[in-house]
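**Student:** Sharing structure27.cif here; it has mmCIF, C-alpha atoms.
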data_model
#
loop_
_atom_site.group_PDB
_atom_site.id
_atom_site.type_symbol
_atom_site.label_atom_id
_atom_site.label_comp_id
_atom_site.auth_asym_id
_atom_site.auth_seq_id
_atom_site.Cartn_x
_atom_site.Cartn_y
_atom_site.Cartn_z
ATOM 1 C CA MET Z 1 -1.658 4.655 23.288
ATOM 2 C CA GLU Z 2 1.169 2.310 22.322
ATOM 3 C CA ASP Z 3 0.603 -0.294 19.629
ATOM 4 C CA ALA Z 4 1.200 -3.203 22.014
ATOM 5 C CA ALA Z 5 -1.567 -1.905 24.280
ATOM 6 C CA ILE Z 6 -3.957 -1.481 21.342
ATOM 7 C CA ILE Z 7 -3.220 -5.007 20.147
ATOM 8 C CA GLY Z 8 -3.791 -6.209 23.712
ATOM 9 C CA LEU Z 9 -7.250 -4.626 23.634
ATOM 10 C CA TYR Z 10 -8.058 -6.564 20.462
ATOM 11 C CA TRP Z 11 -6.934 -9.784 22.102
ATOM 12 C CA GLU Z 12 -9.102 -9.011 25.137
ATOM 13 C CA ARG Z 13 -12.014 -8.351 22.707
ATOM 14 C CA ASN Z 14 -12.352 -4.884 24.228
ATOM 15 C CA GLU Z 15 -14.231 -2.532 21.874
ATOM 16 C CA GLN Z 16 -12.004 0.315 23.052
ATOM 17 C CA ALA Z 17 -9.445 -1.163 20.633
ATOM 18 C CA ILE Z 18 -11.390 0.204 17.669
ATOM 19 C CA HIS Z 19 -11.616 3.672 19.194
ATOM 20 C CA GLU Z 20 -7.892 3.752 19.994
ATOM 21 C CA THR Z 21 -7.037 2.447 16.529
ATOM 22 C CA ASN Z 22 -9.163 5.133 14.919
ATOM 23 C CA VAL Z 23 -7.576 7.866 17.025
ATOM 24 C CA LYS Z 24 -4.032 6.768 16.239
ATOM 25 C CA TYR Z 25 -4.341 5.425 12.690
ATOM 26 C CA GLY Z 26 -7.579 6.855 11.281
ATOM 27 C CA PRO Z 27 -5.957 9.673 9.262
ATOM 28 C CA TYR Z 28 -3.193 7.338 8.020
ATOM 29 C CA CYS Z 29 -5.653 4.709 6.788
ATOM 30 C CA HIS Z 30 -7.981 7.338 5.357
ATOM 31 C CA THR Z 31 -5.123 8.807 3.306
ATOM 32 C CA ILE Z 32 -4.327 5.384 1.843
ATOM 33 C CA ALA Z 33 -7.970 4.752 0.984
ATOM 34 C CA TYR Z 34 -8.516 8.221 -0.481
ATOM 35 C CA ASN Z 35 -5.386 8.032 -2.644
ATOM 36 C CA ILE Z 36 -6.796 4.890 -4.239
ATOM 37 C CA LEU Z 37 -10.525 5.609 -4.290
ATOM 38 C CA GLU Z 38 -10.529 9.402 -4.718
ATOM 39 C CA ASN Z 39 -13.895 9.510 -2.964
ATOM 40 C CA GLN Z 40 -14.531 10.681 0.598
ATOM 41 C CA GLU Z 41 -17.521 8.436 1.296
ATOM 42 C CA ASP Z 42 -15.890 5.289 -0.097
ATOM 43 C CA SER Z 43 -12.718 6.062 1.836
ATOM 44 C CA GLU Z 44 -14.599 6.392 5.119
ATOM 45 C CA GLU Z 45 -16.409 3.113 4.456
ATOM 46 C CA CYS Z 46 -13.109 1.432 3.652
ATOM 47 C CA VAL Z 47 -11.528 2.654 6.897
ATOM 48 C CA ASN Z 48 -14.507 1.358 8.864
ATOM 49 C CA ASP Z 49 -14.135 -1.975 7.069
ATOM 50 C CA THR Z 50 -10.452 -1.934 8.030
ATOM 51 C CA TRP Z 51 -11.387 -1.716 11.718
ATOM 52 C CA LEU Z 52 -13.815 -4.621 11.267
ATOM 53 C CA ARG Z 53 -11.192 -6.701 9.465
ATOM 54 C CA ALA Z 54 -8.654 -5.927 12.215
ATOM 55 C CA TRP Z 55 -11.235 -6.942 14.847
ATOM 56 C CA ASN Z 56 -11.901 -10.231 13.057
ATOM 57 C CA THR Z 57 -8.207 -10.940 12.481
ATOM 58 C CA MET Z 58 -6.868 -10.294 15.991
ATOM 59 C CA PRO Z 59 -6.785 -12.881 17.455
ATOM 60 C CA PRO Z 60 -5.423 -15.196 16.113
ATOM 61 C CA GLN Z 61 -2.960 -12.864 14.346
ATOM 62 C CA ARG Z 62 -0.737 -10.641 16.444
ATOM 63 C CA PRO Z 63 0.882 -8.131 14.076
ATOM 64 C CA ASN Z 64 4.460 -7.037 14.712
ATOM 65 C CA TYR Z 65 3.795 -3.592 13.237
ATOM 66 C CA LEU Z 66 0.226 -2.421 13.734
ATOM 67 C CA ARG Z 67 0.588 0.550 11.381
ATOM 68 C CA LEU Z 68 1.762 -1.614 8.484
ATOM 69 C CA PHE Z 69 -0.845 -4.265 9.286
ATOM 70 C CA LEU Z 70 -3.657 -1.707 9.136
ATOM 71 C CA GLY Z 71 -2.183 0.005 6.072
ATOM 72 C CA LYS Z 72 -2.082 -3.277 4.179
ATOM 73 C CA ILE Z 73 -5.676 -4.096 5.108
ATOM 74 C CA THR Z 74 -6.810 -0.623 4.033
ATOM 75 C CA ARG Z 75 -4.901 -0.821 0.774
ATOM 76 C CA ASN Z 76 -6.275 -4.273 -0.094
ATOM 77 C CA LEU Z 77 -9.850 -3.278 0.732
ATOM 78 C CA SER Z 78 -9.475 -0.053 -1.262
ATOM 79 C CA LEU Z 79 -8.126 -1.927 -4.260
ATOM 80 C CA ASP Z 80 -11.049 -4.366 -4.054
ATOM 81 C CA ILE Z 81 -13.528 -1.475 -4.043
ATOM 82 C CA TRP Z 82 -11.676 0.238 -6.890
ATOM 83 C CA LYS Z 83 -11.649 -2.946 -8.988
ATOM 84 C CA GLY Z 84 -15.382 -3.385 -8.387
ATOM 85 C CA LYS Z 85 -16.076 0.137 -9.585
ATOM 86 C CA GLN Z 86 -13.817 -0.312 -12.600
ATOM 87 C CA ALA Z 87 -15.764 -3.403 -13.565
ATOM 88 C CA GLN Z 88 -18.837 -1.167 -13.719
ATOM 89 C CA LYS Z 89 -17.166 1.635 -15.666
ATOM 90 C CA ARG Z 90 -13.894 2.394 -17.360
ATOM 91 C CA GLY Z 91 -11.959 5.111 -15.534
ATOM 92 C CA GLY Z 92 -8.626 6.786 -14.991
ATOM 93 C CA GLY Z 93 -7.154 8.466 -11.982
ATOM 94 C CA GLU Z 94 -3.926 8.032 -10.057
ATOM 95 C CA LEU Z 95 -4.405 4.319 -9.385
ATOM 96 C CA SER Z 96 -4.809 3.509 -13.072
ATOM 97 C CA LEU Z 97 -1.820 5.655 -13.919
ATOM 98 C CA ALA Z 98 0.367 4.129 -11.177
ATOM 99 C CA LEU Z 99 -0.608 0.583 -12.149
ATOM 100 C CA ASP Z 100 0.072 1.335 -15.818
ATOM 101 C CA GLU Z 101 3.496 2.692 -14.908
ATOM 102 C CA LEU Z 102 4.323 -0.404 -12.869
ATOM 103 C CA SER Z 103 3.119 -2.715 -15.627
ATOM 104 C CA GLU Z 104 6.258 -1.721 -17.546
ATOM 105 C CA CYS Z 105 8.350 -3.869 -15.244
ATOM 106 C CA VAL Z 106 6.029 -6.310 -13.468
ATOM 107 C CA ALA Z 107 4.071 -9.005 -15.238
ATOM 108 C CA ASP Z 108 0.287 -9.032 -14.924
ATOM 109 C CA THR Z 109 -0.806 -10.716 -11.684
ATOM 110 C CA LYS Z 110 -2.899 -13.146 -13.755
ATOM 111 C CA ASP Z 111 0.385 -14.513 -15.139
ATOM 112 C CA VAL Z 112 1.651 -15.164 -11.610
ATOM 113 C CA GLU Z 113 -0.664 -18.064 -10.856
ATOM 114 C CA ASP Z 114 1.269 -19.885 -8.214
ATOM 115 C CA ALA Z 115 1.341 -18.477 -4.687
ATOM 116 C CA LEU Z 116 4.987 -19.442 -4.350
ATOM 117 C CA GLN Z 117 5.868 -17.392 -7.403
ATOM 118 C CA ALA Z 118 3.991 -14.421 -5.970
ATOM 119 C CA LYS Z 119 5.930 -14.748 -2.720
ATOM 120 C CA GLU Z 120 9.238 -14.997 -4.589
ATOM 121 C CA LEU Z 121 8.357 -11.937 -6.660
ATOM 122 C CA LYS Z 122 7.506 -10.004 -3.512
ATOM 123 C CA GLU Z 123 10.839 -10.974 -1.954
ATOM 124 C CA THR Z 124 12.708 -9.956 -5.098
ATOM 125 C CA ILE Z 125 11.032 -6.536 -5.092
ATOM 126 C CA GLU Z 126 11.727 -6.093 -1.369
ATOM 127 C CA ARG Z 127 15.415 -6.931 -1.891
ATOM 128 C CA PHE Z 128 15.514 -4.451 -4.760
ATOM 129 C CA LEU Z 129 13.942 -1.718 -2.625
ATOM 130 C CA HIS Z 130 16.604 -2.212 0.051
ATOM 131 C CA THR Z 131 19.309 -1.452 -2.541
ATOM 132 C CA LEU Z 132 17.834 1.960 -3.323
ATOM 133 C CA PRO Z 133 18.854 5.209 -1.661
ATOM 134 C CA LYS Z 134 16.350 6.252 0.995
ATOM 135 C CA ARG Z 135 14.660 8.999 -1.040
ATOM 136 C CA GLU Z 136 14.195 6.801 -4.120
ATOM 137 C CA ARG Z 137 12.798 3.987 -1.980
ATOM 138 C CA GLU Z 138 10.396 6.369 -0.242
ATOM 139 C CA LEU Z 139 9.234 7.872 -3.537
ATOM 140 C CA PHE Z 140 8.689 4.409 -5.014
ATOM 141 C CA LEU Z 141 6.707 3.177 -2.009
ATOM 142 C CA GLN Z 142 4.675 6.385 -1.723
ATOM 143 C CA ARG Z 143 3.779 6.172 -5.417
ATOM 144 C CA TYR Z 144 3.134 2.468 -5.817
ATOM 145 C CA PHE Z 145 1.968 1.366 -2.370
ATOM 146 C CA TYR Z 146 0.162 4.469 -1.148
ATOM 147 C CA MET Z 147 -0.763 5.645 -4.681
ATOM 148 C CA CYS Z 148 0.305 9.249 -4.086
ATOM 149 C CA SER Z 149 0.311 11.453 -7.167
ATOM 150 C CA THR Z 150 3.575 12.786 -8.544
ATOM 151 C CA LYS Z 151 2.285 16.262 -7.678
ATOM 152 C CA GLU Z 152 1.851 15.267 -4.014
ATOM 153 C CA LEU Z 153 5.294 13.688 -3.936
ATOM 154 C CA ALA Z 154 6.900 16.761 -5.484
ATOM 155 C CA ALA Z 155 5.340 18.976 -2.819
ATOM 156 C CA ARG Z 156 6.228 16.574 0.010
ATOM 157 C CA TYR Z 157 9.877 16.203 -1.025
ATOM 158 C CA GLY Z 158 10.432 19.760 -2.268
ATOM 159 C CA MET Z 159 11.040 18.681 -5.850
ATOM 160 C CA LYS Z 160 9.627 19.532 -9.251
ATOM 161 C CA GLU Z 161 6.938 17.159 -10.453
ATOM 162 C CA ASN Z 162 8.947 16.338 -13.578
ATOM 163 C CA HIS Z 163 11.961 15.378 -11.434
ATOM 164 C CA VAL Z 164 9.782 12.991 -9.412
ATOM 165 C CA ALA Z 165 8.478 11.436 -12.626
ATOM 166 C CA VAL Z 166 12.011 10.994 -13.968
ATOM 167 C CA LEU Z 167 13.232 9.405 -10.708
ATOM 168 C CA LEU Z 168 10.275 7.019 -10.678
ATOM 169 C CA SER Z 169 10.869 6.111 -14.318
ATOM 170 C CA ARG Z 170 14.539 5.363 -13.645
ATOM 171 C CA THR Z 171 13.619 3.301 -10.587
ATOM 172 C CA ARG Z 172 11.094 1.264 -12.597
ATOM 173 C CA LYS Z 173 13.767 0.626 -15.230
ATOM 174 C CA LYS Z 174 16.187 -0.520 -12.511
ATOM 175 C CA LEU Z 175 13.488 -2.792 -11.102
ATOM 176 C CA ALA Z 176 12.769 -4.227 -14.549
ATOM 177 C CA ALA Z 177 16.477 -4.923 -15.068
ATOM 178 C CA GLN Z 178 16.726 -6.571 -11.646
ATOM 179 C CA LEU Z 179 13.682 -8.733 -12.338
ATOM 180 C CA VAL Z 180 15.109 -9.851 -15.690
ATOM 181 C CA LYS Z 181 18.456 -10.562 -14.022
ATOM 182 C CA GLU Z 182 16.683 -12.807 -11.503
ATOM 183 C CA GLY Z 183 14.778 -14.658 -14.210
ATOM 184 C CA TRP Z 184 11.397 -12.914 -14.169
ATOM 185 C CA SER Z 185 9.667 -12.071 -17.414
ATOM 186 C CA VAL Z 186 8.954 -8.388 -17.852
#
Before anything else, please render the file you have as structure tokens.

**Tutor:**
Amino acid sequence: MEDAAIIGLYWERNEQAIHETNVKYGPYCHTIAYNILENQEDSEECVNDTWLRAWNTMPPQRPNYLRLFLGKITRNLSLDIWKGKQAQKRGGGELSLALDELSECVADTKDVEDALQAKELKETIERFLHTLPKRERELFLQRYFYMCSTKELAARYGMKENHVAVLLSRTRKKLAAQLVKEGWSV
């Protein structure tokens, strides 16, 4: 089913919308959740919560890109669950590693108090990403948005894991330089 039709079902308050969303985007959202949570049960719960959040959000919102809309909801819910579990215990995993890597070039979100600053930072990072070659941009997004491991990325792109790590390191350094150039503290 096309995205516009699925969104239409949400706007009609037709419960078939959830079924169609699950059929089309269930594996995609589950992958996002699992990459962050590393737990099957938590990932399934997060995906179910994504469908509920989508149901409660449409209407009034009408997303332009349903896949990205659902991916962002899943990611945010997964991060909330992960943070809650980290508050209970100290742990590692890919999310901790990815966030530590990014901390080299992006200030702690606690330092970015103002919503306008957060929006400006987001726009700066988006502009930066558009300057990257396609493969570097994809690697960066897969690592830091979808929280894929460097091992997964190496297999997906037919590269050695070390090469992926080097490319990501260089990209983070470029991002840090761009942020400094635009007046952000790193």

**Student:** Could the centre and edge lengths of an axis-aligned box, enclosing all atoms of region 30-46 of chain Z in the file with 6 Å extra on each side, be given in Å to one decimal as AutoDock Vina command-line options?

**Tutor:**
--center_x -10.9 --center_y 6.1 --center_z 0.3 --size_x 25.2 --size_y 21.2 --size_z 22.1

**Student:** Taking (19.3, 11.6, -8.0) in the file's coordinates as the center, which residues reach within 10 Å of it, counting only C-alpha atoms, put as a PyMOL selection string?

**Tutor:** chain Z and resi 133+135-136+163-164+166-167+170

**Student:** Determine the nearest neighbour of Gly183 (chain Z) from the options Z:Ser169, Z:Gln142, Z:Thr124, Z:Asn64, counting all atoms listed in the file.

**Tutor:**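 Of the candidates, the smallest distance to Gly183 (chain Z) is held by Z:Thr124.
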
**Student:** Evaluate the PyMOL selection byres ((chain Z and resi 46) around 7) and record the selected residues as an MDAnalysis selection string, following the chain and residue labels used in the document.

**Tutor:** chainID Z and resid 33 42:45 47:50 74 77:78

**Student:** Find the residues around Arg67 (chain Z) up to 9 Å (all atoms listed in the file counted), leave out those fewer than 5 positions away in its own chain, and share them as a ChimeraX atom specification.

**Tutor:** /Z:3,25,28-29,72

**Student:** Which of these, Z:Leu37, Z:Ala165, Z:Leu139, Z:Leu66, has the shortest distance to Gly84 (chain Z) once you count all atoms listed in the file?

**Tutor:**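 Closest candidate: Z:Leu37.
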
**Student:** Please report the interatomic distance between CA of Leu52 (chain Z) and CA of Glu123 (chain Z) in Å with one decimal.

**Tutor:**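 So the two atoms, CA of Leu52 (chain Z) and CA of Glu123 (chain Z), lie 28.7 Å apart.
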
**Student:** Show which residues sit within 12 Å of Glu182 (chain Z), as a ChimeraX atom specification. Count only C-alpha atoms, and ignore same-chain residues fewer than 2 positions away.

**Tutor:** /Z:120-121,123-125,127-128,175-180,184-186

**Student:** Select, counting all atoms listed in the file, all protein, DNA and RNA residues no farther than 12 Å from (-13.1, -6.4, 21.6) in file coordinates, and express the selection as a ChimeraX atom specification.

**Tutor:** /Z:6-21,51-52,54-59

**Student:** For the atom pair CA of Lys24 (chain Z) and CA of Met159 (chain Z), what is the interatomic distance in Å to one decimal place?

**Tutor:**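 Rounded to one decimal, the two atoms are 29.3 Å apart.
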
**Student:** Quick one: distance from CA of Leu79 (chain Z) to CA of Ile36 (chain Z) in Å, one decimal?

**Tutor:** 6.9 Å

**Student:** Go through Z:Gln86, Z:Asn76, Z:Thr171, Z:Gln117 one by one, measure the shortest atom-to-atom distance of each to Glu138 (chain Z) using only C-alpha atoms, and give the residue with the smallest value.

**Tutor:**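 Looking only at the distances to Glu138 (chain Z), the closest residue turns out to be Z:Thr171.
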